[in-house]
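Novice: Input structure: my_file-v3.pdb, which contains PDB, C-alpha atoms.
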```pdb
ATOM      1  CA  MET A  32     171.633 120.348  42.836
ATOM      2  CA  LYS A  33     171.438 117.742  40.047
ATOM      3  CA  PHE A  34     169.373 115.503  42.272
ATOM      4  CA  GLN A  35     166.846 118.236  42.968
ATOM      5  CA  THR A  36     166.559 118.936  39.257
ATOM      6  CA  ALA A  37     165.897 115.246  38.495
ATOM      7  CA  ILE A  38     163.179 115.075  41.152
ATOM      8  CA  ALA A  39     161.566 118.249  39.845
ATOM      9  CA  LEU A  40     161.563 116.804  36.305
ATOM     10  CA  CYS A  41     159.867 113.633  37.526
ATOM     11  CA  PHE A  42     157.082 115.545  39.228
ATOM     12  CA  THR A  43     156.495 117.895  36.336
ATOM     13  CA  SER A  44     156.572 115.209  33.666
ATOM     14  CA  GLY A  45     153.857 113.196  35.395
ATOM     15  CA  VAL A  46     155.918 110.007  35.968
ATOM     16  CA  SER A  47     154.565 107.940  38.813
ATOM     17  CA  ALA A  48     155.010 104.335  39.763
ATOM     18  CA  PHE A  49     151.495 104.182  41.164
ATOM     19  CA  ALA A  50     149.479 105.774  38.389
ATOM     20  CA  PRO A  51     149.112 104.672  34.795
ATOM     21  CA  SER A  52     150.747 106.807  32.205
ATOM     22  CA  LEU A  53     148.353 108.753  30.033
ATOM     23  CA  ASN A  54     150.626 108.468  27.013
ATOM     24  CA  THR A  55     150.576 104.664  26.704
ATOM     25  CA  ARG A  56     147.861 102.738  24.918
ATOM     26  CA  ILE A  57     146.182 100.028  26.908
ATOM     27  CA  ALA A  58     145.455  96.880  24.969
ATOM     28  CA  PRO A  59     141.891  95.626  25.157
ATOM     29  CA  THR A  60     141.478  93.111  27.940
ATOM     30  CA  THR A  61     140.662  89.513  27.174
ATOM     31  CA  SER A  62     139.094  86.998  29.473
ATOM     32  CA  THR A  63     140.607  83.608  30.095
ATOM     33  CA  SER A  64     138.333  80.616  29.847
ATOM     34  CA  LEU A  65     139.023  77.301  31.506
ATOM     35  CA  ASP A  66     136.356  75.580  29.413
ATOM     36  CA  LEU A  67     134.896  74.015  32.515
ATOM     37  CA  PHE A  68     131.339  74.878  31.639
ATOM     38  CA  GLY A  69     131.156  74.363  27.901
ATOM     39  CA  GLY A  70     133.418  77.052  26.490
ATOM     40  CA  LYS A  71     134.636  76.718  22.948
ATOM     41  CA  LYS A  72     137.213  74.066  22.273
ATOM     42  CA  GLU A  73     140.138  74.317  19.913
ATOM     43  CA  GLY A  74     138.836  74.363  16.384
ATOM     44  CA  GLY A  75     135.853  76.500  17.354
ATOM     45  CA  ASP A  76     133.328  73.789  18.124
ATOM     46  CA  SER A  77     131.362  73.990  21.325
ATOM     47  CA  LYS A  78     129.681  71.164  23.144
ATOM     48  CA  GLY A  79     126.856  73.333  24.319
ATOM     49  CA  PRO A  80     126.008  74.381  27.841
ATOM     50  CA  MET A  81     128.273  72.767  30.435
ATOM     51  CA  GLY A  82     129.980  70.642  27.764
ATOM     52  CA  GLY A  83     133.444  70.845  29.334
ATOM     53  CA  MET A  84     132.076  69.935  32.743
ATOM     54  CA  MET A  85     130.317  66.945  31.233
ATOM     55  CA  ASP A  86     133.644  65.709  29.885
ATOM     56  CA  GLN A  87     135.110  65.906  33.357
ATOM     57  CA  LEU A  88     132.109  64.172  34.897
ATOM     58  CA  ALA A  89     132.412  61.368  32.346
ATOM     59  CA  MET A  90     136.113  60.963  33.180
ATOM     60  CA  PHE A  91     135.280  60.950  36.901
ATOM     61  CA  LYS A  92     132.646  58.253  36.395
ATOM     62  CA  LYS A  93     135.126  56.199  34.361
ATOM     63  CA  ALA A  94     137.703  56.563  37.149
ATOM     64  CA  GLN A  95     135.099  55.340  39.657
ATOM     65  CA  GLU A  96     134.375  52.324  37.434
ATOM     66  CA  ILE A  97     138.078  51.506  37.265
ATOM     67  CA  ALA A  98     138.397  51.812  41.062
ATOM     68  CA  LYS A  99     135.469  49.416  41.462
ATOM     69  CA  LYS A 100     137.061  46.965  38.990
ATOM     70  CA  LYS A 101     140.329  47.204  40.933
ATOM     71  CA  GLN A 102     138.546  46.309  44.168
ATOM     72  CA  GLU A 103     136.876  43.341  42.455
ATOM     73  CA  LEU A 104     140.224  42.197  41.035
ATOM     74  CA  ASP A 105     141.839  42.555  44.462
ATOM     75  CA  LYS A 106     139.129  40.326  45.986
ATOM     76  CA  GLU A 107     139.527  37.780  43.176
ATOM     77  CA  ILE A 108     143.313  37.647  43.524
ATOM     78  CA  ALA A 109     143.105  37.514  47.340
ATOM     79  CA  ALA A 110     140.874  34.432  47.067
ATOM     80  CA  MET A 111     143.445  32.611  44.916
ATOM     81  CA  ASP A 112     145.924  30.164  46.417
ATOM     82  CA  ILE A 113     149.256  30.636  44.675
ATOM     83  CA  ILE A 114     151.775  27.846  45.191
ATOM     84  CA  GLY A 115     155.517  28.301  45.485
ATOM     85  CA  LYS A 116     157.677  25.196  45.204
ATOM     86  CA  ALA A 117     161.198  24.129  46.118
ATOM     87  CA  ALA A 118     163.266  20.956  46.492
ATOM     88  CA  ASP A 119     161.739  19.412  43.371
ATOM     89  CA  GLY A 120     158.209  20.028  44.636
ATOM     90  CA  LYS A 121     158.803  18.415  48.021
ATOM     91  CA  ILE A 122     158.170  21.750  49.755
ATOM     92  CA  LYS A 123     155.095  23.772  48.787
ATOM     93  CA  VAL A 124     154.171  27.153  50.199
ATOM     94  CA  THR A 125     150.695  28.581  49.628
ATOM     95  CA  VAL A 126     150.793  32.356  49.216
ATOM     96  CA  GLN A 127     147.824  34.723  49.214
ATOM     97  CA  TYR A 128     147.730  38.279  47.923
ATOM     98  CA  VAL A 129     146.914  40.994  50.471
ATOM     99  CA  PRO A 130     145.562  44.145  48.775
ATOM    100  CA  ALA A 131     146.783  47.571  49.837
ATOM    101  CA  GLN A 132     144.851  48.972  52.789
ATOM    102  CA  LEU A 133     144.876  52.685  52.040
ATOM    103  CA  PRO A 134     145.928  54.940  53.731
ATOM    104  CA  THR A 135     147.366  52.903  56.595
ATOM    105  CA  ASN A 136     149.250  50.432  54.405
ATOM    106  CA  PRO A 137     149.580  51.712  50.824
ATOM    107  CA  SER A 138     151.578  48.735  49.574
ATOM    108  CA  PRO A 139     150.067  45.354  48.749
ATOM    109  CA  GLY A 140     151.688  42.278  50.201
ATOM    110  CA  TYR A 141     151.665  38.495  50.341
ATOM    111  CA  ASP A 142     150.991  36.125  53.198
ATOM    112  CA  ALA A 143     152.245  32.563  53.424
ATOM    113  CA  VAL A 144     149.120  30.755  54.615
ATOM    114  CA  ALA A 145     150.250  27.117  54.397
ATOM    115  CA  ILE A 146     153.445  25.096  54.149
ATOM    116  CA  ASP A 147     153.433  21.506  52.947
ATOM    117  CA  ILE A 148     156.612  19.457  53.387
ATOM    118  CA  ASP A 149     156.954  15.907  52.123
ATOM    119  CA  GLU A 150     157.480  13.655  55.160
ATOM    120  CA  ASP A 151     160.168  11.499  53.536
ATOM    121  CA  TYR A 152     162.072  14.627  52.523
ATOM    122  CA  LEU A 153     161.750  16.018  56.060
ATOM    123  CA  LYS A 154     163.316  12.867  57.536
ATOM    124  CA  GLU A 155     166.398  12.989  55.315
ATOM    125  CA  VAL A 156     167.110  16.744  54.980
ATOM    126  CA  SER A 157     169.406  18.788  57.209
ATOM    127  CA  SER A 158     168.051  21.860  58.977
ATOM    128  CA  ALA A 159     170.232  24.176  56.850
ATOM    129  CA  ASP A 160     168.956  22.627  53.604
ATOM    130  CA  LEU A 161     165.382  22.732  54.880
ATOM    131  CA  SER A 162     165.728  26.401  55.770
ATOM    132  CA  ALA A 163     167.164  27.250  52.348
ATOM    133  CA  ALA A 164     164.416  25.276  50.611
ATOM    134  CA  LEU A 165     161.711  27.061  52.624
ATOM    135  CA  VAL A 166     163.129  30.444  51.678
ATOM    136  CA  GLU A 167     163.285  29.362  48.039
ATOM    137  CA  ALA A 168     159.657  28.181  48.135
ATOM    138  CA  LEU A 169     158.523  31.451  49.711
ATOM    139  CA  ARG A 170     160.344  33.477  47.078
ATOM    140  CA  ASP A 171     158.911  31.301  44.317
ATOM    141  CA  GLY A 172     155.416  31.842  45.717
ATOM    142  CA  GLU A 173     155.849  35.613  45.906
ATOM    143  CA  THR A 174     157.277  35.708  42.386
ATOM    144  CA  SER A 175     154.353  33.667  41.079
ATOM    145  CA  ALA A 176     151.886  35.895  42.936
ATOM    146  CA  THR A 177     153.503  39.030  41.519
ATOM    147  CA  LYS A 178     153.151  37.629  38.003
ATOM    148  CA  VAL A 179     149.479  36.796  38.583
ATOM    149  CA  VAL A 180     148.781  40.301  39.932
ATOM    150  CA  ALA A 181     150.595  41.923  36.994
ATOM    151  CA  GLU A 182     148.603  39.866  34.482
ATOM    152  CA  LYS A 183     145.291  40.698  36.159
ATOM    153  CA  TYR A 184     146.090  44.415  36.371
ATOM    154  CA  GLN A 185     146.975  44.766  32.682
ATOM    155  CA  THR A 186     143.336  45.398  31.807
ATOM    156  CA  LEU A 187     143.091  48.166  34.394
ATOM    157  CA  ASP A 188     146.347  49.631  33.152
ATOM    158  CA  LYS A 189     144.960  49.894  29.617
ATOM    159  CA  GLU A 190     141.743  51.545  30.788
ATOM    160  CA  LEU A 191     143.622  53.988  33.006
ATOM    161  CA  GLY A 192     145.953  54.818  30.123
ATOM    162  CA  ALA A 193     142.926  55.615  27.960
ATOM    163  CA  ILE A 194     141.628  58.033  30.587
ATOM    164  CA  LEU A 195     144.999  59.691  31.078
ATOM    165  CA  GLY A 196     145.457  59.861  27.333
ATOM    166  CA  GLY A 197     142.160  61.740  27.146
ATOM    167  CA  MET A 198     143.432  64.260  29.695
ATOM    168  CA  GLY A 199     146.712  64.826  27.898
ATOM    169  CA  GLY A 200     148.642  62.518  30.210
ATOM    170  CA  ALA A 201     150.535  59.357  29.461
ATOM    171  CA  PRO A 202     149.000  57.142  26.756
TER     172      PRO A 202
END
```
Any chance you could give the structure as structure tokens?

Specialist:
Amino acid sequence: MKFQTAIALCFTSGVSAFAPSLNTRIAPTTSTSLDLFGGKKEGGDSKGPMGGMMDQLAMFKKAQEIAKKKQELDKEIAAMDIIGKAADGKIKVTVQYVPAQLPTNPSPGYDAVAIDIDEDYLKEVSSADLSAALVEALRDGETSATKVVAEKYQTLDKELGAILGGMGGAP
């Protein structure tokens, strides 16, 4: 009996989950702007028609310039012969940088393209010592190549940081 009374009250009072209540005030609606096409920026200034889109186009062009510079740097570094040494310079390994081949190989690498071993050293060294010295020379070459790549990429890192800083990302 109580349940029937509650249902009857709901129907007579006009409560419905699917219809808006007539007693509540509806706040005026506001539109949301993404500022893609020149909407007002914080502080009230506007860059005119399509101003926001122009900012994005400028950032896109800058990103393309940086990508082009990266490709040029990769070619420059790949043309360099970086020498790794061991056994007091008696073993030299020439290492070349191999840029990342996206998307098949996203990581850059290094290739040992030449090994130079002093002939007198080769006559007197044991195979175990020679093997250890070769590994040491390879590691020295890769370490040297990594340092060269890091130094060359610092300029790109600064430019990329400026772009990301402009988008609210990392400085």

Novice: Point out the residue among A:Ala159, A:Ala89, A:Ile97, A:Val166 with the least atom-to-atom distance to A:Gly192, counting all atoms listed in the file.

Specialist: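 Among the listed residues, A:Ile97 lies closest to A:Gly192.
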
Novice: Near A:Leu169, counting only C-alpha atoms, which residues have an atom at most 10 Å away, once you skip same-chain residues fewer than 5 positions from it, shown as number ranges by chain?

Specialist: A: 114-117, 122-126, 141-143, 146, 163-164, 174-175

Novice: Report the distance between atom CA of A:Ala181 and atom CA of A:Leu88 in Å, rounded to one decimal place.

Specialist: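 Here the two named atoms are 29.0 Å from each other.
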
Novice: Between atom CA of A:Asp149 and atom CA of A:Leu165, measure the distance and give it in Å to one decimal.

Specialist: 12.1 Å

Novice: When you draw a straight line from atom CA of A:Ala145 to atom CA of A:Gly120, how long is it in Å?

Specialist: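 Going from atom CA of A:Ala145 over to atom CA of A:Gly120, I get 14.5 Å.
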
Novice: Of the candidates A:Asn136, A:Thr186, A:Thr177, A:Ser162, which shows the shortest atom-to-atom distance to A:Ile108, using all atoms listed in the file?

Specialist: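 Among the listed residues, the smallest separation from A:Ile108 belongs to A:Thr177.
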
Novice: Skip A:Gln95 itself and residues of its chain fewer than 4 positions away, then list as a list in words all residues within 12 Å of it, counting only C-alpha atoms.

Specialist: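 Those residues are Leu88, Ala89, Met90, Phe91, Lys99, Lys100, Lys101, Gln102, Leu187, Glu190, Leu191 and Ile194 of chain A.
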
Novice: A:Leu161: which residues within 10 Å, counting only C-alpha atoms, same-chain residues fewer than 5 positions away excluded, as a list in words?

Specialist: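 So, after excluding close chain neighbours, the residues are Ala117, Ala118, Ile122, Ile148, Tyr152, Leu153, Glu155, Val156, Val166 and Glu167 of chain A.
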